[in-house]
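Trainee: start_18.cif is reproduced below (mmCIF, C-alpha atoms).
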```cif
data_my_file
#
loop_
_atom_site.group_PDB
_atom_site.id
_atom_site.type_symbol
_atom_site.label_atom_id
_atom_site.label_comp_id
_atom_site.auth_asym_id
_atom_site.auth_seq_id
_atom_site.Cartn_x
_atom_site.Cartn_y
_atom_site.Cartn_z
ATOM 1 C CA ASP A 1 23.597 5.508 61.201
ATOM 2 C CA THR A 2 23.814 6.766 57.639
ATOM 3 C CA GLY A 3 21.957 9.873 56.640
ATOM 4 C CA VAL A 4 20.557 10.883 53.275
ATOM 5 C CA SER A 5 23.136 10.447 50.553
ATOM 6 C CA GLN A 6 23.165 12.271 47.234
ATOM 7 C CA ASN A 7 25.418 11.938 44.234
ATOM 8 C CA PRO A 8 27.027 13.371 42.361
ATOM 9 C CA ARG A 9 27.703 16.309 44.639
ATOM 10 C CA HIS A 10 28.619 18.514 41.713
ATOM 11 C CA LYS A 11 27.736 18.280 38.054
ATOM 12 C CA ILE A 12 28.811 20.624 35.289
ATOM 13 C CA THR A 13 27.157 20.059 31.956
ATOM 14 C CA LYS A 14 26.581 21.770 28.666
ATOM 15 C CA ARG A 15 23.195 23.096 27.705
ATOM 16 C CA GLY A 16 21.108 20.444 26.035
ATOM 17 C CA GLN A 17 22.661 17.487 27.816
ATOM 18 C CA ASN A 18 20.773 15.151 30.133
ATOM 19 C CA VAL A 19 21.746 14.751 33.783
ATOM 20 C CA THR A 20 20.656 12.337 36.476
ATOM 21 C CA PHE A 21 20.932 12.697 40.238
ATOM 22 C CA ARG A 22 20.590 9.901 42.737
ATOM 23 C CA CYS A 23 19.319 10.027 46.294
ATOM 24 C CA ASP A 24 19.579 7.288 48.901
ATOM 25 C CA PRO A 25 17.247 8.109 51.788
ATOM 26 C CA ILE A 26 17.448 6.925 55.368
ATOM 27 C CA SER A 27 16.455 3.283 55.055
ATOM 28 C CA GLU A 28 13.390 3.218 57.309
ATOM 29 C CA HIS A 29 11.914 6.447 55.945
ATOM 30 C CA ASN A 30 8.790 6.090 53.836
ATOM 31 C CA ARG A 31 8.705 9.509 52.205
ATOM 32 C CA LEU A 32 11.225 11.050 49.858
ATOM 33 C CA TYR A 33 11.236 14.624 48.604
ATOM 34 C CA TRP A 34 13.094 16.561 45.938
ATOM 35 C CA TYR A 35 13.657 20.289 46.237
ATOM 36 C CA ARG A 36 15.507 22.854 44.161
ATOM 37 C CA GLN A 37 17.353 25.721 45.769
ATOM 38 C CA THR A 38 18.889 28.711 44.016
ATOM 39 C CA LEU A 39 21.307 31.140 45.627
ATOM 40 C CA GLY A 40 19.763 33.140 48.429
ATOM 41 C CA GLN A 41 16.389 31.423 48.182
ATOM 42 C CA GLY A 42 14.563 28.805 50.161
ATOM 43 C CA PRO A 43 14.091 25.248 48.929
ATOM 44 C CA GLU A 44 11.419 25.003 46.267
ATOM 45 C CA PHE A 45 9.292 21.867 46.213
ATOM 46 C CA LEU A 46 9.601 19.676 43.121
ATOM 47 C CA THR A 47 8.062 16.323 43.891
ATOM 48 C CA TYR A 48 7.678 13.654 46.515
ATOM 49 C CA PHE A 49 7.131 9.936 46.954
ATOM 50 C CA GLN A 50 5.528 7.748 49.512
ATOM 51 C CA ASN A 51 7.293 4.445 49.141
ATOM 52 C CA GLU A 52 7.390 3.961 45.356
ATOM 53 C CA ALA A 53 4.365 6.098 44.528
ATOM 54 C CA GLN A 54 4.926 9.630 43.280
ATOM 55 C CA LEU A 55 2.174 11.511 45.065
ATOM 56 C CA GLU A 56 2.673 15.052 43.931
ATOM 57 C CA LYS A 57 4.622 16.953 41.345
ATOM 58 C CA SER A 58 5.041 20.707 41.311
ATOM 59 C CA ARG A 59 3.487 22.600 38.443
ATOM 60 C CA LEU A 60 6.829 24.341 38.193
ATOM 61 C CA LEU A 61 8.370 21.072 37.082
ATOM 62 C CA SER A 62 8.462 20.979 33.324
ATOM 63 C CA ASP A 63 8.200 17.838 31.239
ATOM 64 C CA ARG A 64 11.982 17.793 31.048
ATOM 65 C CA PHE A 65 12.103 16.707 34.671
ATOM 66 C CA SER A 66 11.283 13.191 35.763
ATOM 67 C CA ALA A 67 11.730 11.404 39.044
ATOM 68 C CA GLU A 68 11.481 7.776 39.983
ATOM 69 C CA ARG A 69 11.722 5.722 43.115
ATOM 70 C CA PRO A 70 11.766 2.085 42.066
ATOM 71 C CA LYS A 71 10.935 -0.365 44.838
ATOM 72 C CA GLY A 72 10.564 2.471 47.290
ATOM 73 C CA SER A 73 14.272 2.701 47.974
ATOM 74 C CA PHE A 74 16.626 5.131 46.229
ATOM 75 C CA SER A 75 15.317 7.822 43.903
ATOM 76 C CA THR A 76 16.602 9.411 40.732
ATOM 77 C CA LEU A 77 15.881 12.846 39.331
ATOM 78 C CA GLU A 78 16.575 13.236 35.634
ATOM 79 C CA ILE A 79 16.682 16.524 33.776
ATOM 80 C CA GLN A 80 16.577 16.233 30.008
ATOM 81 C CA ARG A 81 17.833 18.881 27.572
ATOM 82 C CA THR A 82 19.225 21.020 30.360
ATOM 83 C CA GLU A 83 18.929 24.785 30.214
ATOM 84 C CA GLN A 84 20.991 27.424 31.990
ATOM 85 C CA GLY A 85 18.000 28.174 34.195
ATOM 86 C CA ASP A 86 18.256 24.663 35.609
ATOM 87 C CA SER A 87 21.461 25.610 37.402
ATOM 88 C CA ALA A 88 20.724 25.147 41.089
ATOM 89 C CA MET A 89 21.259 22.950 44.087
ATOM 90 C CA TYR A 90 19.002 19.901 44.005
ATOM 91 C CA LEU A 91 18.183 18.721 47.499
ATOM 92 C CA CYS A 92 16.797 15.364 48.489
ATOM 93 C CA ALA A 93 15.142 14.785 51.835
ATOM 94 C CA SER A 94 13.421 11.893 53.523
ATOM 95 C CA SER A 95 11.064 11.547 56.443
ATOM 96 C CA LEU A 96 9.202 8.939 58.406
ATOM 97 C CA VAL A 97 5.526 9.689 58.699
ATOM 98 C CA LEU A 98 3.324 7.301 60.614
ATOM 99 C CA ALA A 99 -0.455 7.222 60.549
ATOM 100 C CA GLY A 100 -2.029 9.147 63.372
ATOM 101 C CA THR A 101 0.983 11.327 64.044
ATOM 102 C CA ASN A 102 1.757 14.807 62.937
ATOM 103 C CA THR A 103 5.517 14.858 63.253
ATOM 104 C CA GLY A 104 8.165 13.746 60.808
ATOM 105 C CA GLU A 105 10.828 16.335 60.132
ATOM 106 C CA LEU A 106 12.748 16.256 56.885
ATOM 107 C CA PHE A 107 16.281 14.907 56.872
ATOM 108 C CA PHE A 108 18.225 16.456 54.020
ATOM 109 C CA GLY A 109 21.139 15.244 51.983
ATOM 110 C CA GLU A 110 24.051 17.512 51.168
ATOM 111 C CA GLY A 111 22.625 18.294 47.760
ATOM 112 C CA SER A 112 23.724 17.988 44.172
ATOM 113 C CA ARG A 113 24.873 21.222 42.628
ATOM 114 C CA LEU A 114 24.156 21.539 38.913
ATOM 115 C CA THR A 115 25.869 24.069 36.686
ATOM 116 C CA VAL A 116 24.665 24.313 33.104
ATOM 117 C CA LEU A 117 27.051 26.122 30.776
ATOM 118 C CA ALA B 1 -2.573 28.434 48.973
ATOM 119 C CA GLN B 2 -0.093 27.830 51.733
ATOM 120 C CA LYS B 3 2.623 30.398 52.193
ATOM 121 C CA ILE B 4 5.542 31.117 54.501
ATOM 122 C CA THR B 5 6.825 34.671 54.872
ATOM 123 C CA GLN B 6 10.152 35.653 56.371
ATOM 124 C CA THR B 7 10.496 39.417 56.203
ATOM 125 C CA GLN B 8 14.053 39.747 57.520
ATOM 126 C CA PRO B 9 16.595 39.070 54.770
ATOM 127 C CA GLY B 10 19.451 39.595 57.223
ATOM 128 C CA MET B 11 19.987 40.021 60.941
ATOM 129 C CA PHE B 12 22.944 40.835 63.152
ATOM 130 C CA VAL B 13 23.294 39.864 66.800
ATOM 131 C CA GLN B 14 26.048 40.279 69.308
ATOM 132 C CA GLU B 15 27.567 37.096 70.680
ATOM 133 C CA LYS B 16 25.789 35.880 73.857
ATOM 134 C CA GLU B 17 22.710 37.984 73.103
ATOM 135 C CA ALA B 18 19.285 36.607 72.158
ATOM 136 C CA VAL B 19 17.776 37.079 68.710
ATOM 137 C CA THR B 20 14.313 36.545 67.241
ATOM 138 C CA LEU B 21 13.788 35.502 63.638
ATOM 139 C CA ASP B 22 10.323 36.203 62.316
ATOM 140 C CA CYS B 23 8.056 33.833 60.436
ATOM 141 C CA THR B 24 4.424 34.173 59.463
ATOM 142 C CA TYR B 25 2.402 31.571 57.637
ATOM 143 C CA ASP B 26 -0.852 31.230 55.812
ATOM 144 C CA THR B 27 -2.948 28.092 55.607
ATOM 145 C CA SER B 28 -6.583 27.134 55.679
ATOM 146 C CA ASP B 29 -5.887 23.794 57.315
ATOM 147 C CA GLN B 30 -6.469 23.215 61.011
ATOM 148 C CA SER B 31 -3.731 20.617 61.369
ATOM 149 C CA TYR B 32 -0.216 21.546 60.354
ATOM 150 C CA GLY B 33 3.348 21.514 61.553
ATOM 151 C CA LEU B 34 5.901 24.298 61.674
ATOM 152 C CA PHE B 35 9.635 23.733 61.426
ATOM 153 C CA TRP B 36 12.833 25.719 61.542
ATOM 154 C CA TYR B 37 15.961 24.681 59.708
ATOM 155 C CA LYS B 38 19.503 26.040 59.776
ATOM 156 C CA GLN B 39 21.682 26.079 56.682
ATOM 157 C CA PRO B 40 25.339 26.927 57.340
ATOM 158 C CA SER B 41 27.615 28.021 54.528
ATOM 159 C CA SER B 42 28.534 24.377 53.974
ATOM 160 C CA GLY B 43 25.026 23.887 52.602
ATOM 161 C CA GLU B 44 23.423 21.107 54.622
ATOM 162 C CA MET B 45 19.942 21.732 56.041
ATOM 163 C CA ILE B 46 19.788 21.020 59.753
ATOM 164 C CA PHE B 47 16.481 20.550 61.565
ATOM 165 C CA LEU B 48 16.207 22.704 64.686
ATOM 166 C CA ILE B 49 12.715 22.656 66.142
ATOM 167 C CA TYR B 50 9.105 21.622 65.489
ATOM 168 C CA GLN B 51 5.750 22.992 66.599
ATOM 169 C CA GLY B 52 2.445 21.253 65.947
ATOM 170 C CA SER B 53 -0.632 23.355 65.405
ATOM 171 C CA TYR B 54 -2.401 21.714 68.315
ATOM 172 C CA ASP B 55 0.498 21.986 70.731
ATOM 173 C CA GLU B 56 -0.485 24.335 73.514
ATOM 174 C CA GLN B 57 3.015 24.984 74.747
ATOM 175 C CA ASN B 58 5.786 26.616 72.778
ATOM 176 C CA ALA B 59 8.440 24.178 71.632
ATOM 177 C CA THR B 60 11.938 24.393 73.063
ATOM 178 C CA GLU B 61 15.155 22.613 72.078
ATOM 179 C CA GLY B 62 18.187 23.703 74.005
ATOM 180 C CA ARG B 63 18.934 27.312 73.061
ATOM 181 C CA TYR B 64 16.136 27.327 70.488
ATOM 182 C CA SER B 65 12.546 28.137 71.274
ATOM 183 C CA LEU B 66 9.584 28.747 69.033
ATOM 184 C CA ASN B 67 7.240 31.598 69.877
ATOM 185 C CA PHE B 68 3.986 30.238 68.457
ATOM 186 C CA GLN B 69 1.068 32.643 68.172
ATOM 187 C CA LYS B 70 -1.659 30.752 66.380
ATOM 188 C CA ALA B 71 -4.156 33.590 66.079
ATOM 189 C CA ARG B 72 -1.505 35.760 64.468
ATOM 190 C CA LYS B 73 -0.217 32.847 62.393
ATOM 191 C CA SER B 74 3.319 33.488 63.487
ATOM 192 C CA ALA B 75 6.062 31.074 64.507
ATOM 193 C CA ASN B 76 9.122 33.066 65.431
ATOM 194 C CA LEU B 77 12.402 31.378 66.309
ATOM 195 C CA VAL B 78 14.233 32.640 69.370
ATOM 196 C CA ILE B 79 17.908 31.808 69.753
ATOM 197 C CA SER B 80 19.252 32.528 73.201
ATOM 198 C CA ALA B 81 22.911 33.122 74.081
ATOM 199 C CA SER B 82 24.001 33.412 70.434
ATOM 200 C CA GLN B 83 27.253 31.773 69.436
ATOM 201 C CA LEU B 84 29.517 32.448 66.475
ATOM 202 C CA GLY B 85 28.549 29.060 65.089
ATOM 203 C CA ASP B 86 24.933 30.218 64.842
ATOM 204 C CA SER B 87 25.851 32.355 61.824
ATOM 205 C CA ALA B 88 23.870 30.771 58.990
ATOM 206 C CA MET B 89 20.702 30.978 56.912
ATOM 207 C CA TYR B 90 17.545 30.081 58.807
ATOM 208 C CA PHE B 91 14.435 28.791 57.092
ATOM 209 C CA CYS B 92 10.932 28.526 58.433
ATOM 210 C CA ALA B 93 8.844 25.746 56.930
ATOM 211 C CA MET B 94 5.316 24.434 57.173
ATOM 212 C CA ARG B 95 3.777 21.074 56.497
ATOM 213 C CA ASP B 96 0.078 20.907 55.870
ATOM 214 C CA LEU B 97 -2.165 17.928 56.283
ATOM 215 C CA PRO B 98 -4.801 18.425 53.624
ATOM 216 C CA THR B 99 -7.804 16.150 53.568
ATOM 217 C CA SER B 100 -6.062 14.046 50.942
ATOM 218 C CA GLY B 101 -3.580 13.041 53.584
ATOM 219 C CA THR B 102 -0.542 14.198 51.686
ATOM 220 C CA TYR B 103 2.248 16.058 53.374
ATOM 221 C CA LYS B 104 4.050 18.780 51.512
ATOM 222 C CA TYR B 105 6.614 21.008 53.134
ATOM 223 C CA ILE B 106 6.966 24.591 51.962
ATOM 224 C CA PHE B 107 9.774 26.915 52.921
ATOM 225 C CA GLY B 108 10.226 30.620 53.367
ATOM 226 C CA THR B 109 12.938 32.653 51.685
ATOM 227 C CA GLY B 110 15.141 32.581 54.762
ATOM 228 C CA THR B 111 16.931 34.966 57.093
ATOM 229 C CA ARG B 112 20.690 35.256 57.119
ATOM 230 C CA LEU B 113 21.945 35.608 60.678
ATOM 231 C CA LYS B 114 25.389 36.955 61.451
ATOM 232 C CA VAL B 115 26.695 36.683 65.003
ATOM 233 C CA LEU B 116 29.244 39.316 65.887
ATOM 234 C CA ALA B 117 32.143 38.698 68.266
#
```
How does this structure look as structure tokens?
Mentor:
Amino acid sequence: DTGVSQNPRHKITKRGQNVTFRCDPISEHNRLYWYRQTLGQGPEFLTYFQNEAQLEKSRLLSDRFSAERPKGSFSTLEIQRTEQGDSAMYLCASSLVLAGTNTGELFFGEGSRLTVL
Amino acid sequence: AQKITQTQPGMFVQEKEAVTLDCTYDTSDQSYGLFWYKQPSSGEMIFLIYQGSYDEQNATEGRYSLNFQKARKSANLVISASQLGDSAMYFCAMRDLPTSGTYKYIFGTGTRLKVLA
């Protein structure tokens, strides 16, 4: 049973460069979430997908951030023209939510840590 | 707007003692779910326990129990018989079910628990 997989685990980049993170969710899960976590803080919601549809995007997410989930499988999160304030851990999580139920905990990946110099 | 509040930045507990981590929430929805996650220093988020808003009994999972007081909008985590391996950050989270049918999970700022030998 494979869990949520994220890569790269660590990325160091220079300010102004573009970076892309990939997330492979648990295969039968229909929802995929991206969160950002800075040191000592809780995960901050960025966006989420149900299958291939992006259903919600945080207002905190600037136009430099874009996420995709082609074919409802893996997802990518791209940050263009990175800034030092983008330095954080980017967490991906997936869940299985079925109609008529109110359960569905998030299963998290190990995260992708971004450092912008 | 939905909100999770964890007022204890840090807590200490003696090994084998019980400890309560506080969580209060704010939502206007009638149907929601409450979760607790553990994040050890290694960084992965581990799901601990879930409580649905309509569940009449407090949730329990092994040494974890959730003290759910709906009228007070609190969902405190109780860890019994603390172990050294319980030292970690603990996050309370809530998932709403707005009329649009979307699920979004929001997290508190966390409580760092240190178990003393």
Trainee: How far is it from atom CA of B:Arg63 to atom CA of B:Ala81, in Å with one decimal?
Mentor: 7.1 Å
Trainee: Could you tell me how far atom CA of B:Leu116 sits from atom CA of B:Val78, in Å to one decimal place?
Mentor: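 Going from atom CA of B:Val78 over to atom CA of B:Leu116 covers 16.8 Å.
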Trainee: Just so the selection is clear, what residues does the PyMOL selection byres ((chain B) within 7 of (chain A)) cover here, as JSON, numbers by chain?
Mentor: {"B": [43, 44, 45, 91, 106, 107, 108, 109, 110]}
Trainee: So the first atom is atom CA of B:Met89 and the second is atom CA of B:Thr111; what is the distance between them in Å, to one decimal place?
Mentor: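 Distance between the two atoms: 5.5 Å.
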Trainee: Applying the PyMOL selection byres ((chain A and resi 76) around 10) to the file I just gave you, which residues come out? Please list them as a VMD selection string.
Mentor: chain A and resid 6 to 7 20 to 24 34 66 to 70 74 to 75 77 to 79 92
Trainee: I need the chosen residues saved as an mmCIF file, in the frame of the given file, with C-alpha atoms.
Mentor:
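Resulting contents of again_33.cif:
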```cif
data_model
loop_
_atom_site.group_PDB
_atom_site.id
_atom_site.type_symbol
_atom_site.label_atom_id
_atom_site.label_comp_id
_atom_site.auth_asym_id
_atom_site.auth_seq_id
_atom_site.Cartn_x
_atom_site.Cartn_y
_atom_site.Cartn_z
ATOM 1 C CA GLN A 6 23.165 12.271 47.234
ATOM 2 C CA ASN A 7 25.418 11.938 44.234
ATOM 3 C CA THR A 20 20.656 12.337 36.476
ATOM 4 C CA PHE A 21 20.932 12.697 40.238
ATOM 5 C CA ARG A 22 20.590 9.901 42.737
ATOM 6 C CA CYS A 23 19.319 10.027 46.294
ATOM 7 C CA ASP A 24 19.579 7.288 48.901
ATOM 8 C CA TRP A 34 13.094 16.561 45.938
ATOM 9 C CA SER A 66 11.283 13.191 35.763
ATOM 10 C CA ALA A 67 11.730 11.404 39.044
ATOM 11 C CA GLU A 68 11.481 7.776 39.983
ATOM 12 C CA ARG A 69 11.722 5.722 43.115
ATOM 13 C CA PRO A 70 11.766 2.085 42.066
ATOM 14 C CA PHE A 74 16.626 5.131 46.229
ATOM 15 C CA SER A 75 15.317 7.822 43.903
ATOM 16 C CA LEU A 77 15.881 12.846 39.331
ATOM 17 C CA GLU A 78 16.575 13.236 35.634
ATOM 18 C CA ILE A 79 16.682 16.524 33.776
ATOM 19 C CA CYS A 92 16.797 15.364 48.489
#
```
Trainee: Nearest to B:Lys73 among B:Thr20, B:Gln8, B:Gln57, B:Gln30, with distances taken over only C-alpha atoms: which residue is it?
Mentor: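 Once distances to B:Lys73 are computed over only C-alpha atoms, the minimum belongs to B:Gln30.
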